[in-house]
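Student: Hey, dropping protein03.cif in here, mmCIF, C-alpha atoms:
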```cif
data_entry
loop_
_atom_site.label_atom_id
_atom_site.label_comp_id
_atom_site.auth_asym_id
_atom_site.auth_seq_id
_atom_site.Cartn_x
_atom_site.Cartn_y
_atom_site.Cartn_z
CA MET A 823 17.96 -16.28 -50.33
CA THR A 824 21.52 -15.69 -51.59
CA GLU A 825 24.35 -14.82 -49.20
CA ALA A 826 24.34 -11.27 -50.58
CA HIS A 827 20.60 -10.89 -49.97
CA ALA A 828 21.01 -12.30 -46.46
CA ALA A 829 23.84 -9.87 -45.69
CA LEU A 830 21.74 -6.96 -46.98
CA ALA A 831 18.76 -8.00 -44.89
CA ASP A 832 20.96 -8.30 -41.81
CA ALA A 833 22.46 -4.84 -42.39
CA THR A 834 18.97 -3.36 -42.81
CA GLN A 835 17.86 -4.92 -39.51
CA GLN A 836 20.90 -3.41 -37.79
CA LEU A 837 20.20 0.11 -39.11
CA ASN A 838 16.38 0.13 -39.27
CA PRO A 839 15.31 -2.73 -37.04
CA CYS A 840 11.77 -3.98 -36.65
CA PHE A 841 11.03 -4.91 -33.06
CA ALA A 842 8.16 -7.15 -32.04
CA MET A 843 6.66 -6.45 -28.63
CA VAL A 844 3.91 -7.79 -26.39
CA ALA A 845 2.66 -5.76 -23.43
CA GLY A 846 -0.25 -6.84 -21.27
CA GLU A 847 -2.32 -4.59 -18.99
CA THR A 848 -1.92 -0.87 -18.40
CA SER A 849 1.37 -1.19 -16.49
CA GLY A 850 2.97 -3.08 -19.37
CA ASP A 851 1.77 -0.47 -21.85
CA LEU A 852 3.44 2.23 -19.71
CA LEU A 853 6.74 0.33 -19.52
CA ALA A 854 6.69 -0.44 -23.23
CA GLY A 855 6.03 3.22 -24.01
CA LEU A 856 9.19 4.21 -22.13
CA LEU A 857 11.14 1.50 -23.92
CA LEU A 858 9.91 2.69 -27.32
CA ASP A 859 11.21 6.18 -26.48
CA GLY A 860 14.68 4.73 -25.97
CA LEU A 861 14.53 2.59 -29.10
CA ARG A 862 13.37 5.53 -31.24
CA GLU A 863 16.18 7.71 -29.90
CA ARG A 864 18.75 5.10 -30.88
CA TRP A 865 17.15 3.99 -34.17
CA PRO A 866 15.02 6.85 -35.57
CA ALA A 867 13.79 4.69 -38.47
CA MET A 868 12.89 1.65 -36.35
CA SER A 869 9.43 0.08 -36.40
CA ALA A 870 7.56 -1.93 -33.79
CA VAL A 871 4.63 -4.35 -34.06
CA GLY A 872 2.73 -6.84 -31.92
CA ILE A 873 0.33 -6.45 -28.99
CA GLY A 874 0.12 -3.14 -27.13
CA GLY A 875 -1.93 -0.30 -25.74
CA PRO A 876 -2.52 3.42 -26.26
CA ARG A 877 0.84 4.66 -24.93
CA MET A 878 2.61 2.39 -27.39
CA ARG A 879 0.39 3.43 -30.29
CA GLU A 880 1.12 7.10 -29.52
CA ARG A 881 4.75 6.26 -30.30
CA GLY A 882 4.05 4.72 -33.69
CA PHE A 883 3.58 1.12 -32.52
CA ARG A 884 1.41 -1.01 -34.84
CA ALA A 885 -0.84 -3.08 -32.58
CA TRP A 886 -2.03 -6.22 -34.32
CA TRP A 887 -4.12 -6.85 -31.20
CA PRO A 888 -4.92 -4.42 -28.34
CA HIS A 889 -3.25 -5.14 -25.01
CA ASP A 890 -6.57 -5.65 -23.21
CA LYS A 891 -7.05 -8.85 -25.21
CA LEU A 892 -4.65 -10.46 -22.73
CA SER A 893 -6.74 -9.55 -19.66
CA VAL A 894 -8.76 -12.27 -17.95
CA HIS A 895 -11.62 -11.44 -15.60
CA GLY A 896 -14.60 -13.36 -14.28
CA PHE A 897 -15.20 -17.01 -13.38
CA GLY A 898 -16.03 -20.39 -14.85
CA TRP A 899 -16.83 -20.63 -18.54
CA GLU A 900 -15.95 -17.00 -19.22
CA VAL A 901 -12.38 -17.56 -17.97
CA LEU A 902 -12.06 -20.79 -19.99
CA ARG A 903 -13.34 -19.03 -23.13
CA ARG A 904 -10.89 -16.17 -22.68
CA PHE A 905 -7.95 -18.52 -22.14
CA ARG A 906 -8.80 -20.29 -25.38
CA GLU A 907 -8.95 -16.94 -27.16
CA ILE A 908 -5.60 -15.86 -25.67
CA LEU A 909 -3.97 -19.16 -26.69
CA GLY A 910 -5.29 -18.64 -30.21
CA ILE A 911 -3.85 -15.10 -30.30
CA ARG A 912 -0.46 -16.38 -29.14
CA ASN A 913 -0.40 -19.08 -31.81
CA GLN A 914 -1.35 -16.59 -34.54
CA LEU A 915 1.23 -14.10 -33.31
CA LYS A 916 3.96 -16.75 -33.24
CA ALA A 917 3.23 -17.81 -36.81
CA ARG A 918 3.22 -14.21 -38.02
CA LEU A 919 6.49 -13.37 -36.26
CA LEU A 920 8.24 -16.48 -37.55
CA GLN A 921 7.22 -15.42 -41.05
CA GLN A 922 8.30 -11.77 -40.67
CA ARG A 923 11.33 -12.43 -38.38
CA PRO A 924 11.76 -9.27 -36.28
CA ALA A 925 15.24 -8.14 -35.24
CA VAL A 926 14.37 -8.77 -31.58
CA PHE A 927 11.22 -9.87 -29.76
CA ILE A 928 10.64 -7.98 -26.50
CA GLY A 929 8.17 -9.40 -24.00
CA VAL A 930 7.08 -6.73 -21.54
CA ASP A 931 6.05 -8.34 -18.25
CA ALA A 932 3.04 -10.74 -18.77
CA PRO A 933 5.30 -13.79 -18.15
CA ASP A 934 2.51 -16.36 -18.46
CA PHE A 935 1.94 -15.23 -22.04
CA ASN A 936 5.43 -14.10 -23.04
CA LEU A 937 7.82 -16.74 -21.73
CA ASP A 938 6.29 -19.58 -23.76
CA LEU A 939 6.16 -17.36 -26.84
CA GLU A 940 9.76 -16.28 -26.32
CA ALA A 941 10.89 -19.89 -25.96
CA ALA A 942 9.21 -20.86 -29.24
CA LEU A 943 10.66 -17.88 -31.12
CA ARG A 944 14.15 -18.39 -29.69
CA LYS A 945 14.19 -22.02 -30.81
CA GLN A 946 13.65 -20.71 -34.33
CA GLY A 947 16.55 -18.26 -34.10
CA VAL A 948 14.69 -15.07 -33.14
CA LYS A 949 16.51 -13.06 -30.48
CA THR A 950 14.42 -12.47 -27.37
CA VAL A 951 14.45 -9.97 -24.50
CA HIS A 952 12.18 -9.89 -21.45
CA PHE A 953 11.49 -6.59 -19.70
CA VAL A 954 10.77 -6.97 -15.95
CA ALA A 955 12.13 -10.16 -14.44
CA PRO A 956 9.41 -12.42 -13.03
CA SER A 957 9.69 -12.36 -9.23
CA PHE A 958 11.68 -15.60 -9.06
CA TRP A 959 13.48 -14.22 -5.98
CA ALA A 960 10.25 -14.17 -3.96
CA TRP A 961 8.75 -17.63 -4.39
CA ARG A 962 8.98 -18.67 -8.03
CA ALA A 963 12.49 -20.11 -8.27
CA ASN A 964 11.02 -22.84 -10.52
CA ARG A 965 10.72 -20.21 -13.25
CA LEU A 966 14.48 -19.80 -13.59
CA GLU A 967 14.85 -22.77 -15.93
CA LYS A 968 12.05 -21.43 -18.12
CA ILE A 969 13.61 -17.95 -18.21
CA ARG A 970 16.99 -19.42 -19.21
CA ALA A 971 15.40 -21.40 -22.03
CA SER A 972 13.24 -18.50 -23.24
CA VAL A 973 15.31 -15.33 -23.35
CA ASP A 974 18.66 -14.01 -24.53
CA HIS A 975 18.55 -11.09 -22.09
CA VAL A 976 16.46 -9.80 -19.18
CA LEU A 977 15.95 -6.10 -18.44
CA CYS A 978 15.68 -5.81 -14.64
CA ILE A 979 13.98 -3.09 -12.62
CA PHE A 980 15.61 -4.00 -9.29
CA PRO A 981 19.38 -3.71 -8.72
CA PHE A 982 19.88 -7.09 -7.04
CA GLU A 983 18.33 -9.13 -9.87
CA PRO A 984 21.15 -9.31 -12.49
CA ALA A 985 23.60 -10.97 -10.06
CA LEU A 986 21.01 -13.56 -9.04
CA LEU A 987 20.16 -14.30 -12.67
CA ALA A 988 23.86 -14.55 -13.56
CA GLN A 989 24.22 -17.36 -11.01
CA HIS A 990 21.84 -19.34 -13.21
CA GLY A 991 23.48 -18.46 -16.51
CA ILE A 992 20.96 -15.77 -17.50
CA ALA A 993 22.26 -12.50 -18.97
CA ALA A 994 20.61 -9.41 -17.51
CA THR A 995 20.96 -5.64 -17.16
CA TYR A 996 19.64 -3.36 -14.42
CA VAL A 997 17.80 -0.46 -16.09
CA GLY A 998 16.17 1.20 -13.08
CA HIS A 999 12.55 1.33 -11.99
CA PRO A 1000 10.38 3.66 -14.10
CA LEU A 1001 8.29 4.66 -11.08
CA ALA A 1002 11.36 6.24 -9.48
CA ASN A 1003 11.43 8.86 -12.25
CA VAL A 1004 7.67 9.43 -12.16
CA ILE A 1005 7.35 10.01 -8.41
CA PRO A 1006 9.16 13.16 -7.18
CA MET A 1007 11.91 12.79 -4.59
CA THR A 1008 10.05 15.35 -2.44
CA PRO A 1009 6.28 14.86 -2.88
CA ASP A 1010 3.92 17.85 -2.68
CA ARG A 1011 2.13 16.89 0.50
CA ALA A 1012 0.43 20.26 1.02
CA GLY A 1013 -0.93 20.31 -2.53
CA ALA A 1014 -2.22 16.75 -2.25
CA ARG A 1015 -3.99 17.53 1.02
CA LEU A 1016 -5.59 20.58 -0.51
CA GLN A 1017 -6.83 18.41 -3.38
CA PHE A 1018 -8.77 16.19 -0.95
CA GLY A 1019 -9.96 18.93 1.40
CA LEU A 1020 -7.64 17.88 4.22
CA MET A 1021 -6.15 20.26 6.79
CA PRO A 1022 -2.36 20.42 7.30
CA ASP A 1023 -2.59 18.98 10.84
CA ASP A 1024 -5.12 16.20 10.05
CA GLN A 1025 -3.99 12.64 10.78
CA VAL A 1026 -4.69 10.74 7.56
CA VAL A 1027 -4.53 7.02 6.86
CA ALA A 1028 -4.57 5.77 3.27
CA ILE A 1029 -6.22 2.37 2.81
CA LEU A 1030 -5.14 0.39 -0.27
CA PRO A 1031 -6.67 -3.12 -0.25
CA GLY A 1032 -5.31 -4.09 -3.68
CA SER A 1033 -5.90 -3.68 -7.38
CA ARG A 1034 -7.45 -7.09 -8.08
CA GLY A 1035 -10.88 -8.34 -7.12
CA SER A 1036 -9.44 -11.29 -5.19
CA GLU A 1037 -7.24 -8.97 -3.12
CA VAL A 1038 -10.14 -6.68 -2.30
CA ARG A 1039 -12.29 -9.64 -1.27
CA ASN A 1040 -9.55 -10.99 1.01
CA LEU A 1041 -8.33 -7.71 2.50
CA ALA A 1042 -10.92 -4.92 2.35
CA THR A 1043 -13.00 -6.20 5.26
CA ARG A 1044 -9.90 -6.68 7.43
CA PHE A 1045 -8.65 -3.21 6.57
CA PHE A 1046 -11.99 -1.54 7.27
CA GLN A 1047 -12.44 -3.43 10.55
CA ALA A 1048 -9.00 -2.17 11.55
CA ALA A 1049 -10.01 1.36 10.53
CA LEU A 1050 -13.15 1.10 12.68
CA LEU A 1051 -11.05 0.10 15.71
CA LEU A 1052 -8.66 2.93 14.97
CA GLN A 1053 -11.56 5.37 14.70
CA GLN A 1054 -12.74 4.34 18.14
CA GLU A 1055 -9.26 5.09 19.52
CA ARG A 1056 -8.74 8.28 17.49
CA PRO A 1057 -12.10 9.75 16.41
CA ASN A 1058 -10.45 12.54 14.39
CA VAL A 1059 -8.37 10.31 12.12
CA LYS A 1060 -9.34 10.66 8.44
CA PHE A 1061 -9.41 7.69 6.06
CA ILE A 1062 -9.08 7.88 2.29
CA VAL A 1063 -9.27 5.00 -0.20
CA PRO A 1064 -8.07 5.26 -3.82
CA ALA A 1065 -10.24 2.75 -5.69
CA ILE A 1066 -9.98 1.33 -9.18
CA PRO A 1067 -13.31 2.30 -10.79
CA ALA A 1068 -14.24 -1.33 -11.51
CA LEU A 1069 -13.80 -2.20 -7.80
CA ARG A 1070 -15.35 0.89 -6.24
CA ALA A 1071 -18.78 -0.68 -5.61
CA GLU A 1072 -17.18 -3.71 -3.94
CA ILE A 1073 -15.02 -1.47 -1.74
CA GLU A 1074 -18.00 0.70 -0.77
CA ALA A 1075 -20.02 -2.40 0.11
CA ALA A 1076 -17.23 -3.75 2.33
CA ALA A 1077 -16.90 -0.42 4.17
CA THR A 1078 -20.66 -0.20 4.73
CA ALA A 1079 -20.83 -3.81 5.97
CA CYS A 1080 -18.15 -2.98 8.56
CA GLY A 1081 -20.06 0.09 9.71
CA LEU A 1082 -17.27 2.42 8.58
CA ARG A 1083 -18.82 5.56 7.13
CA GLN A 1084 -16.32 8.33 7.83
CA LEU A 1085 -14.01 7.72 4.92
CA GLN A 1086 -13.39 9.25 1.53
CA ILE A 1087 -13.34 6.95 -1.50
CA VAL A 1088 -11.81 8.42 -4.66
CA GLU A 1089 -11.41 6.83 -8.08
CA GLY A 1090 -7.76 6.30 -8.96
CA GLN A 1091 -5.45 9.08 -7.70
CA SER A 1092 -3.43 6.62 -5.62
CA HIS A 1093 -0.30 8.74 -5.95
CA ALA A 1094 -2.04 11.86 -4.69
CA VAL A 1095 -3.51 9.86 -1.79
CA MET A 1096 -0.06 8.56 -0.84
CA ALA A 1097 1.37 12.07 -0.99
CA ALA A 1098 -1.39 13.33 1.30
CA CYS A 1099 -1.44 10.64 3.99
CA ASP A 1100 0.54 10.03 7.17
CA VAL A 1101 0.42 6.22 7.03
CA CYS A 1102 -0.52 3.66 4.37
CA LEU A 1103 -2.35 0.43 5.19
CA VAL A 1104 -1.53 -1.42 2.01
CA ALA A 1105 -1.76 -4.80 0.29
CA SER A 1106 1.58 -6.35 -0.60
CA GLY A 1107 2.50 -5.54 -4.20
CA THR A 1108 3.69 -2.65 -6.34
CA ALA A 1109 1.71 -0.17 -4.20
CA THR A 1110 4.14 -0.80 -1.32
CA LEU A 1111 7.04 0.37 -3.50
CA GLU A 1112 5.01 3.43 -4.53
CA ALA A 1113 4.38 4.22 -0.86
CA ALA A 1114 8.12 3.92 -0.17
CA LEU A 1115 8.93 6.29 -3.03
CA PHE A 1116 6.46 8.75 -1.47
CA LYS A 1117 8.49 8.28 1.78
CA ARG A 1118 5.44 7.14 3.71
CA PRO A 1119 5.35 4.86 6.77
CA MET A 1120 3.21 1.83 6.02
CA VAL A 1121 1.77 -1.42 7.28
CA ILE A 1122 1.90 -4.20 4.69
CA ALA A 1123 -0.64 -7.01 4.78
CA TYR A 1124 -1.74 -9.92 2.64
CA HIS A 1125 -4.27 -12.72 2.90
CA MET A 1126 -5.22 -15.51 0.51
CA SER A 1127 -6.99 -18.86 0.56
CA TRP A 1128 -5.57 -21.49 2.94
CA LEU A 1129 -4.40 -23.74 0.10
CA SER A 1130 -2.72 -20.89 -1.80
CA TRP A 1131 -0.95 -19.80 1.37
CA GLN A 1132 0.41 -23.30 2.00
CA LEU A 1133 1.83 -23.45 -1.53
CA VAL A 1134 3.33 -19.95 -1.40
CA ARG A 1135 4.80 -20.36 2.08
CA ARG A 1136 6.76 -23.47 1.05
CA ARG A 1137 8.25 -21.66 -1.96
CA MET A 1138 9.30 -18.43 -0.23
CA LEU A 1139 13.03 -17.85 -0.70
CA GLN A 1140 13.53 -14.96 1.72
CA PRO A 1141 11.98 -13.68 4.94
CA TRP A 1142 10.40 -10.58 3.43
CA VAL A 1143 7.31 -10.19 1.26
CA GLY A 1144 6.91 -6.41 0.92
CA LEU A 1145 9.08 -4.76 -1.74
CA PRO A 1146 10.42 -2.00 0.60
CA ASN A 1147 11.68 -4.67 3.01
CA ILE A 1148 13.11 -6.81 0.22
CA LEU A 1149 14.99 -3.86 -1.27
CA CYS A 1150 16.23 -2.62 2.12
CA ARG A 1151 17.05 -6.22 3.17
CA ASP A 1152 15.40 -5.59 6.54
CA PHE A 1153 11.99 -5.31 8.18
CA VAL A 1154 11.88 -1.51 7.93
CA VAL A 1155 8.05 -1.63 7.95
CA PRO A 1156 5.79 -4.28 9.50
CA GLU A 1157 4.34 -7.14 7.48
CA LEU A 1158 1.21 -8.93 8.67
CA LEU A 1159 0.48 -11.98 6.56
CA GLN A 1160 -2.35 -14.49 6.52
CA ASP A 1161 -3.57 -15.28 10.07
CA ALA A 1162 -1.42 -12.48 11.51
CA ALA A 1163 -3.41 -9.92 9.48
CA THR A 1164 -6.15 -9.44 12.08
CA ALA A 1165 -8.04 -6.19 12.47
CA GLN A 1166 -6.57 -5.75 15.96
CA ALA A 1167 -2.96 -6.25 14.78
CA LEU A 1168 -3.39 -3.97 11.78
CA CYS A 1169 -4.91 -1.25 13.97
CA ARG A 1170 -2.06 -1.54 16.49
CA GLU A 1171 0.67 -1.20 13.84
CA VAL A 1172 -1.00 1.83 12.22
CA LEU A 1173 -1.36 3.44 15.65
CA ASN A 1174 2.34 2.86 16.29
CA TRP A 1175 3.23 4.93 13.22
CA LEU A 1176 0.75 7.68 14.10
CA ASP A 1177 2.16 7.83 17.65
CA ALA A 1178 5.72 7.91 16.32
CA ALA A 1179 4.92 10.99 14.26
CA GLN A 1180 3.94 12.78 17.49
CA GLN A 1181 6.28 11.23 20.05
CA ALA A 1182 9.31 9.91 18.12
CA PRO A 1183 9.68 11.95 14.91
CA GLU A 1184 13.26 10.70 14.58
CA LYS A 1185 11.85 7.23 13.81
CA ILE A 1186 9.84 8.64 10.91
CA ALA A 1187 12.84 10.67 9.73
CA ALA A 1188 15.10 7.59 9.75
CA LEU A 1189 12.58 5.65 7.66
CA GLN A 1190 12.26 8.52 5.20
CA GLN A 1191 16.05 8.65 4.82
CA LYS A 1192 16.10 4.95 3.97
CA PHE A 1193 13.34 5.42 1.42
CA ALA A 1194 15.12 8.43 -0.11
CA ALA A 1195 18.28 6.33 -0.55
CA LEU A 1196 16.18 3.56 -2.10
CA HIS A 1197 14.56 6.11 -4.43
CA ALA A 1198 17.99 7.32 -5.59
CA THR A 1199 19.12 3.73 -6.23
CA LEU A 1200 16.10 3.07 -8.45
CA GLN A 1201 16.45 6.28 -10.48
CA ARG A 1202 18.12 5.51 -13.79
CA ASP A 1203 17.75 6.55 -17.44
CA THR A 1204 15.60 3.50 -18.13
CA PRO A 1205 14.85 4.16 -21.85
CA ARG A 1206 18.53 4.65 -22.72
CA LEU A 1207 19.87 1.76 -20.62
CA ALA A 1208 17.24 -0.60 -22.02
CA ALA A 1209 18.01 0.46 -25.60
CA ASP A 1210 21.75 -0.04 -25.00
CA ALA A 1211 21.16 -3.57 -23.72
CA ILE A 1212 18.92 -4.39 -26.69
CA ALA A 1213 21.56 -3.02 -29.05
CA ASN A 1214 24.06 -5.50 -27.57
CA VAL A 1215 21.58 -8.34 -28.14
CA LEU A 1216 20.98 -7.21 -31.70
CA GLN A 1217 24.73 -7.11 -32.44
CA ALA A 1218 25.56 -10.43 -30.75
#
```
Show the structure stored in the file as structure tokens.
Tutor:
Amino acid sequence: MTEAHAALADATQQLNPCFAMVAGETSGDLLAGLLLDGLRERWPAMSAVGIGGPRMRERGFRAWWPHDKLSVHGFGWEVLRRFREILGIRNQLKARLLQQRPAVFIGVDAPDFNLDLEAALRKQGVKTVHFVAPSFWAWRANRLEKIRASVDHVLCIFPFEPALLAQHGIAATYVGHPLANVIPMTPDRAGARLQFGLMPDDQVVAILPGSRGSEVRNLATRFFQAALLLQQERPNVKFIVPAIPALRAEIEAAATACGLRQLQIVEGQSHAVMAACDVCLVASGTATLEAALFKRPMVIAYHMSWLSWQLVRRRMLQPWVGLPNILCRDFVVPELLQDAATAQALCREVLNWLDAAQQAPEKIAALQQKFAALHATLQRDTPRLAADAIANVLQA
């Protein structure tokens, strides 16, 4: 290619860039859809290719493979077969991208797939961006070196992340958390209660044992045993469980085995359930942030195998595990982890919140004020800020 042809190609990429993207799972498809809105606003003639889901395709994304190709479920040989298939997809994608040379490659979450791909592309001169920093600040500090080697820029969804990444020589921009713009600052509690046939003065506990099979297996029984104890103390308390359809049968079986029958299980609708409830009993993860954005008191719990816990505990970099506590830099809600997550302890902490609503409403109000301030901090024009950061990478 002559210098003139190279200059023309570079100018074309600046004006009508082709972005390559990989998004895994439904959450990644949602984030990538928002990002595509920002990119299209800035570059109306842009194009985007790679691996994605329906929200991305609605925005003109050309999916060479569907995003669910990156999902792994099951055990044994099935998992091994899927990993081999995923590795093959990554190798094919890398070869295709090195041939077509996109303006920027954007990996959306899915760090196990994307970081290695980003590193390989970057070594060959392709600019790379990663959207959603892996949670290195929780217990994966060993990933920092890999991030530094893999990406030109990180788009962060939490405000404290860019400064931490900068300490390790990694460029990053805070773009806000998309959930903060999806969840209203003042949720419609009355409407949500009406949706589930609940009365305005009902005491309602939402039970969220996780979105993965392993989480449900480790937590559902503990949560339902705690609910049974709570029911014995407060016979009129209502329980509602938003279940992923694929896990509903397992959740129903766990509730039945515990002898808990007075509960409502609904498919999906976790946001409506959070809006309707008084307290959330919730597995540590993104659902805790959603509960905070709904301004709900909560009890956070987690339990895993003994060996996994030993490994995680040694790598923890801060005293908090739940996202609301991490973001508030304080134990604003209780965390019961591993052996501390007994049915009796979980029941006691949920009762404390229910009692506070009746006897110390100022405690609930103070928590809601903290969560409202957190909500405001996370609200940003994510599509525009992300597009601005990518524009800087493209022009560098």
Student: Grab the CA of Pro984 (chain A) to CA of Leu1149 (chain A) distance for me, in Å with one decimal place.
Tutor: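 About the pair CA of Pro984 (chain A) and CA of Leu1149 (chain A): they are 13.9 Å apart.
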Student: List the spatial neighbours of region 1171-1184 of chain A as a list of chain:residue names - criterion: any atom at most 7 Å away, only C-alpha atoms, same-chain residues fewer than 4 positions off excluded.
Tutor: A:Val1101, A:Pro1119, A:Val1121, A:Ala1167, A:Ala1188
Student: Those selected residues, please, written with C-alpha atoms and delivered as a PDB file, in the frame of the given file.
Tutor:
```pdb
ATOM      1  CA  VAL A1101       0.420   6.220   7.030  1.00  0.00           C
ATOM      2  CA  PRO A1119       5.350   4.860   6.770  1.00  0.00           C
ATOM      3  CA  VAL A1121       1.770  -1.420   7.280  1.00  0.00           C
ATOM      4  CA  ALA A1167      -2.960  -6.250  14.780  1.00  0.00           C
ATOM      5  CA  ALA A1188      15.100   7.590   9.750  1.00  0.00           C
TER       6      ALA A1188
END
```
Student: For Ser1106 (chain A), list every protein, DNA or RNA residue within 9 Å, evaluated using all atoms listed in the file, and leave out those in the same chain fewer than 2 positions away; present the list as a ChimeraX atom specification.
Tutor: /A:1031-1032,1104,1108-1110,1122-1124,1143-1145,1157
Student: What residues come out when you apply the PyMOL selection byres ((chain A and resi 943-958) around 9) to this file, written as a count of residues only?
Tutor: 48
Student: Could you please determine the separation between CA of Asn838 (chain A) and CA of Ala867 (chain A) in Å, to one decimal place?
Tutor: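 Between CA of Asn838 (chain A) and CA of Ala867 (chain A) the gap works out to 5.3 Å.
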Student: One decimal, in Å: what's the spacing between CA of Trp886 (chain A) and CA of Thr848 (chain A)?
Tutor: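 The value is 16.8 Å.
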Student: List the spatial neighbours of Val1004 (chain A) as a PDB file with C-alpha atoms, in the frame of the given file - criterion: any atom at most 12 Å away, all atoms listed in the file, same-chain residues fewer than 6 positions off excluded.
Tutor:
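result.pdb written:
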```pdb
ATOM      1  CA  LEU A 852       3.440   2.230 -19.710  1.00  0.00           C
ATOM      2  CA  LEU A 853       6.740   0.330 -19.520  1.00  0.00           C
ATOM      3  CA  LEU A 856       9.190   4.210 -22.130  1.00  0.00           C
ATOM      4  CA  GLY A 998      16.170   1.200 -13.080  1.00  0.00           C
ATOM      5  CA  HIS A1093      -0.300   8.740  -5.950  1.00  0.00           C
ATOM      6  CA  GLU A1112       5.010   3.430  -4.530  1.00  0.00           C
ATOM      7  CA  LEU A1115       8.930   6.290  -3.030  1.00  0.00           C
ATOM      8  CA  PHE A1116       6.460   8.750  -1.470  1.00  0.00           C
ATOM      9  CA  HIS A1197      14.560   6.110  -4.430  1.00  0.00           C
ATOM     10  CA  LEU A1200      16.100   3.070  -8.450  1.00  0.00           C
ATOM     11  CA  GLN A1201      16.450   6.280 -10.480  1.00  0.00           C
ATOM     12  CA  ARG A1202      18.120   5.510 -13.790  1.00  0.00           C
ATOM     13  CA  ASP A1203      17.750   6.550 -17.440  1.00  0.00           C
ATOM     14  CA  THR A1204      15.600   3.500 -18.130  1.00  0.00           C
TER      15      THR A1204
END
```
Student: Name the residues in contact with region 1044-1047 of chain A at a cut-off of 7 Å, using only C-alpha atoms, excluding same-chain residues fewer than 5 positions from it; report them as a PyMOL selection string.
Tutor: chain A and resi 1077+1080+1082+1164-1165
Student: Residues of the last selection are to be written out with C-alpha atoms, as a compact mmCIF listing (two decimals), in the coordinates of the input.
Tutor:
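Everything below was put into selection_13.txt:
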```txt
# COMPACT_ATOMS: atom_id res chain seq x y z
CA ALA A 1077 -16.90 -0.42 4.17
CA CYS A 1080 -18.15 -2.98 8.56
CA LEU A 1082 -17.27 2.42 8.58
CA THR A 1164 -6.15 -9.44 12.08
CA ALA A 1165 -8.04 -6.19 12.47
```
Student: Just want the 12 Å neighbourhood of Arg1070 (chain A), counted on only C-alpha atoms, with same-chain residues fewer than 6 positions away dropped. Output as a compact mmCIF listing (two decimals) with C-alpha atoms, in the frame of the given file.
Tutor:
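Done, and the output landed in around37.txt:
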```
# COMPACT_ATOMS: atom_id res chain seq x y z
CA LEU A 1030 -5.14 0.39 -0.27
CA PRO A 1031 -6.67 -3.12 -0.25
CA GLY A 1032 -5.31 -4.09 -3.68
CA SER A 1033 -5.90 -3.68 -7.38
CA ARG A 1034 -7.45 -7.09 -8.08
CA GLY A 1035 -10.88 -8.34 -7.12
CA VAL A 1038 -10.14 -6.68 -2.30
CA ALA A 1042 -10.92 -4.92 2.35
CA VAL A 1063 -9.27 5.00 -0.20
CA PRO A 1064 -8.07 5.26 -3.82
CA ALA A 1076 -17.23 -3.75 2.33
CA ALA A 1077 -16.90 -0.42 4.17
CA GLN A 1086 -13.39 9.25 1.53
CA ILE A 1087 -13.34 6.95 -1.50
CA VAL A 1088 -11.81 8.42 -4.66
CA GLU A 1089 -11.41 6.83 -8.08
CA GLY A 1090 -7.76 6.30 -8.96
```
Student: Could you state which residues are captured by the PyMOL selection byres ((chain A and resi 1100) around 6) in this file, as a CSV table (one decimal) with C-alpha atoms, in the frame of the given file?
Tutor:
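Writing the result to out_35.csv gives the following:
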```csv
chain,number,residue,atom,x,y,z
A,1026,VAL,CA,-4.7,10.7,7.6
A,1027,VAL,CA,-4.5,7.0,6.9
A,1099,CYS,CA,-1.4,10.6,4.0
A,1101,VAL,CA,0.4,6.2,7.0
```
Student: In the coordinate frame of the file, compute which residues have an atom within 10 Å of (-9.0, 4.9, 13.9) when using all atoms listed in the file, and state them as a count of residues only.
Tutor: 23
Student: Calculated over only C-alpha atoms, which of the candidates A:Ala1028, A:Ile1148, A:Val1155, A:Ala870 has the smallest distance to Met1096 (chain A)?
Tutor: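 Nearest candidate to Met1096 (chain A) out of A:Ala1028, A:Ile1148, A:Val1155, A:Ala870: A:Ala1028.
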Student: Here's the selection I'm unsure about, the PyMOL selection byres ((chain A and resi 871-884) around 7); applied to the file above, which residues does it give, as JSON, numbers by chain?
Tutor: {"A": [841, 842, 843, 844, 845, 846, 851, 852, 854, 855, 858, 869, 870, 885, 886, 887, 888, 889]}
Student: From the list A:Arg1039, A:Lys891, A:Arg918, A:Arg864, which residue is nearest Pro1205 (chain A) when using all atoms listed in the file?
Tutor: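 Of A:Arg1039, A:Lys891, A:Arg918, A:Arg864, the one nearest Pro1205 (chain A) is A:Arg864, counting all atoms listed in the file.
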Student: Point out the residue among A:Arg970, A:Thr1043, A:Ala993, A:Glu907 with the least atom-to-atom distance to Ala1079 (chain A), counting only C-alpha atoms.
Tutor: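 Among the listed residues, A:Thr1043 lies closest to Ala1079 (chain A).
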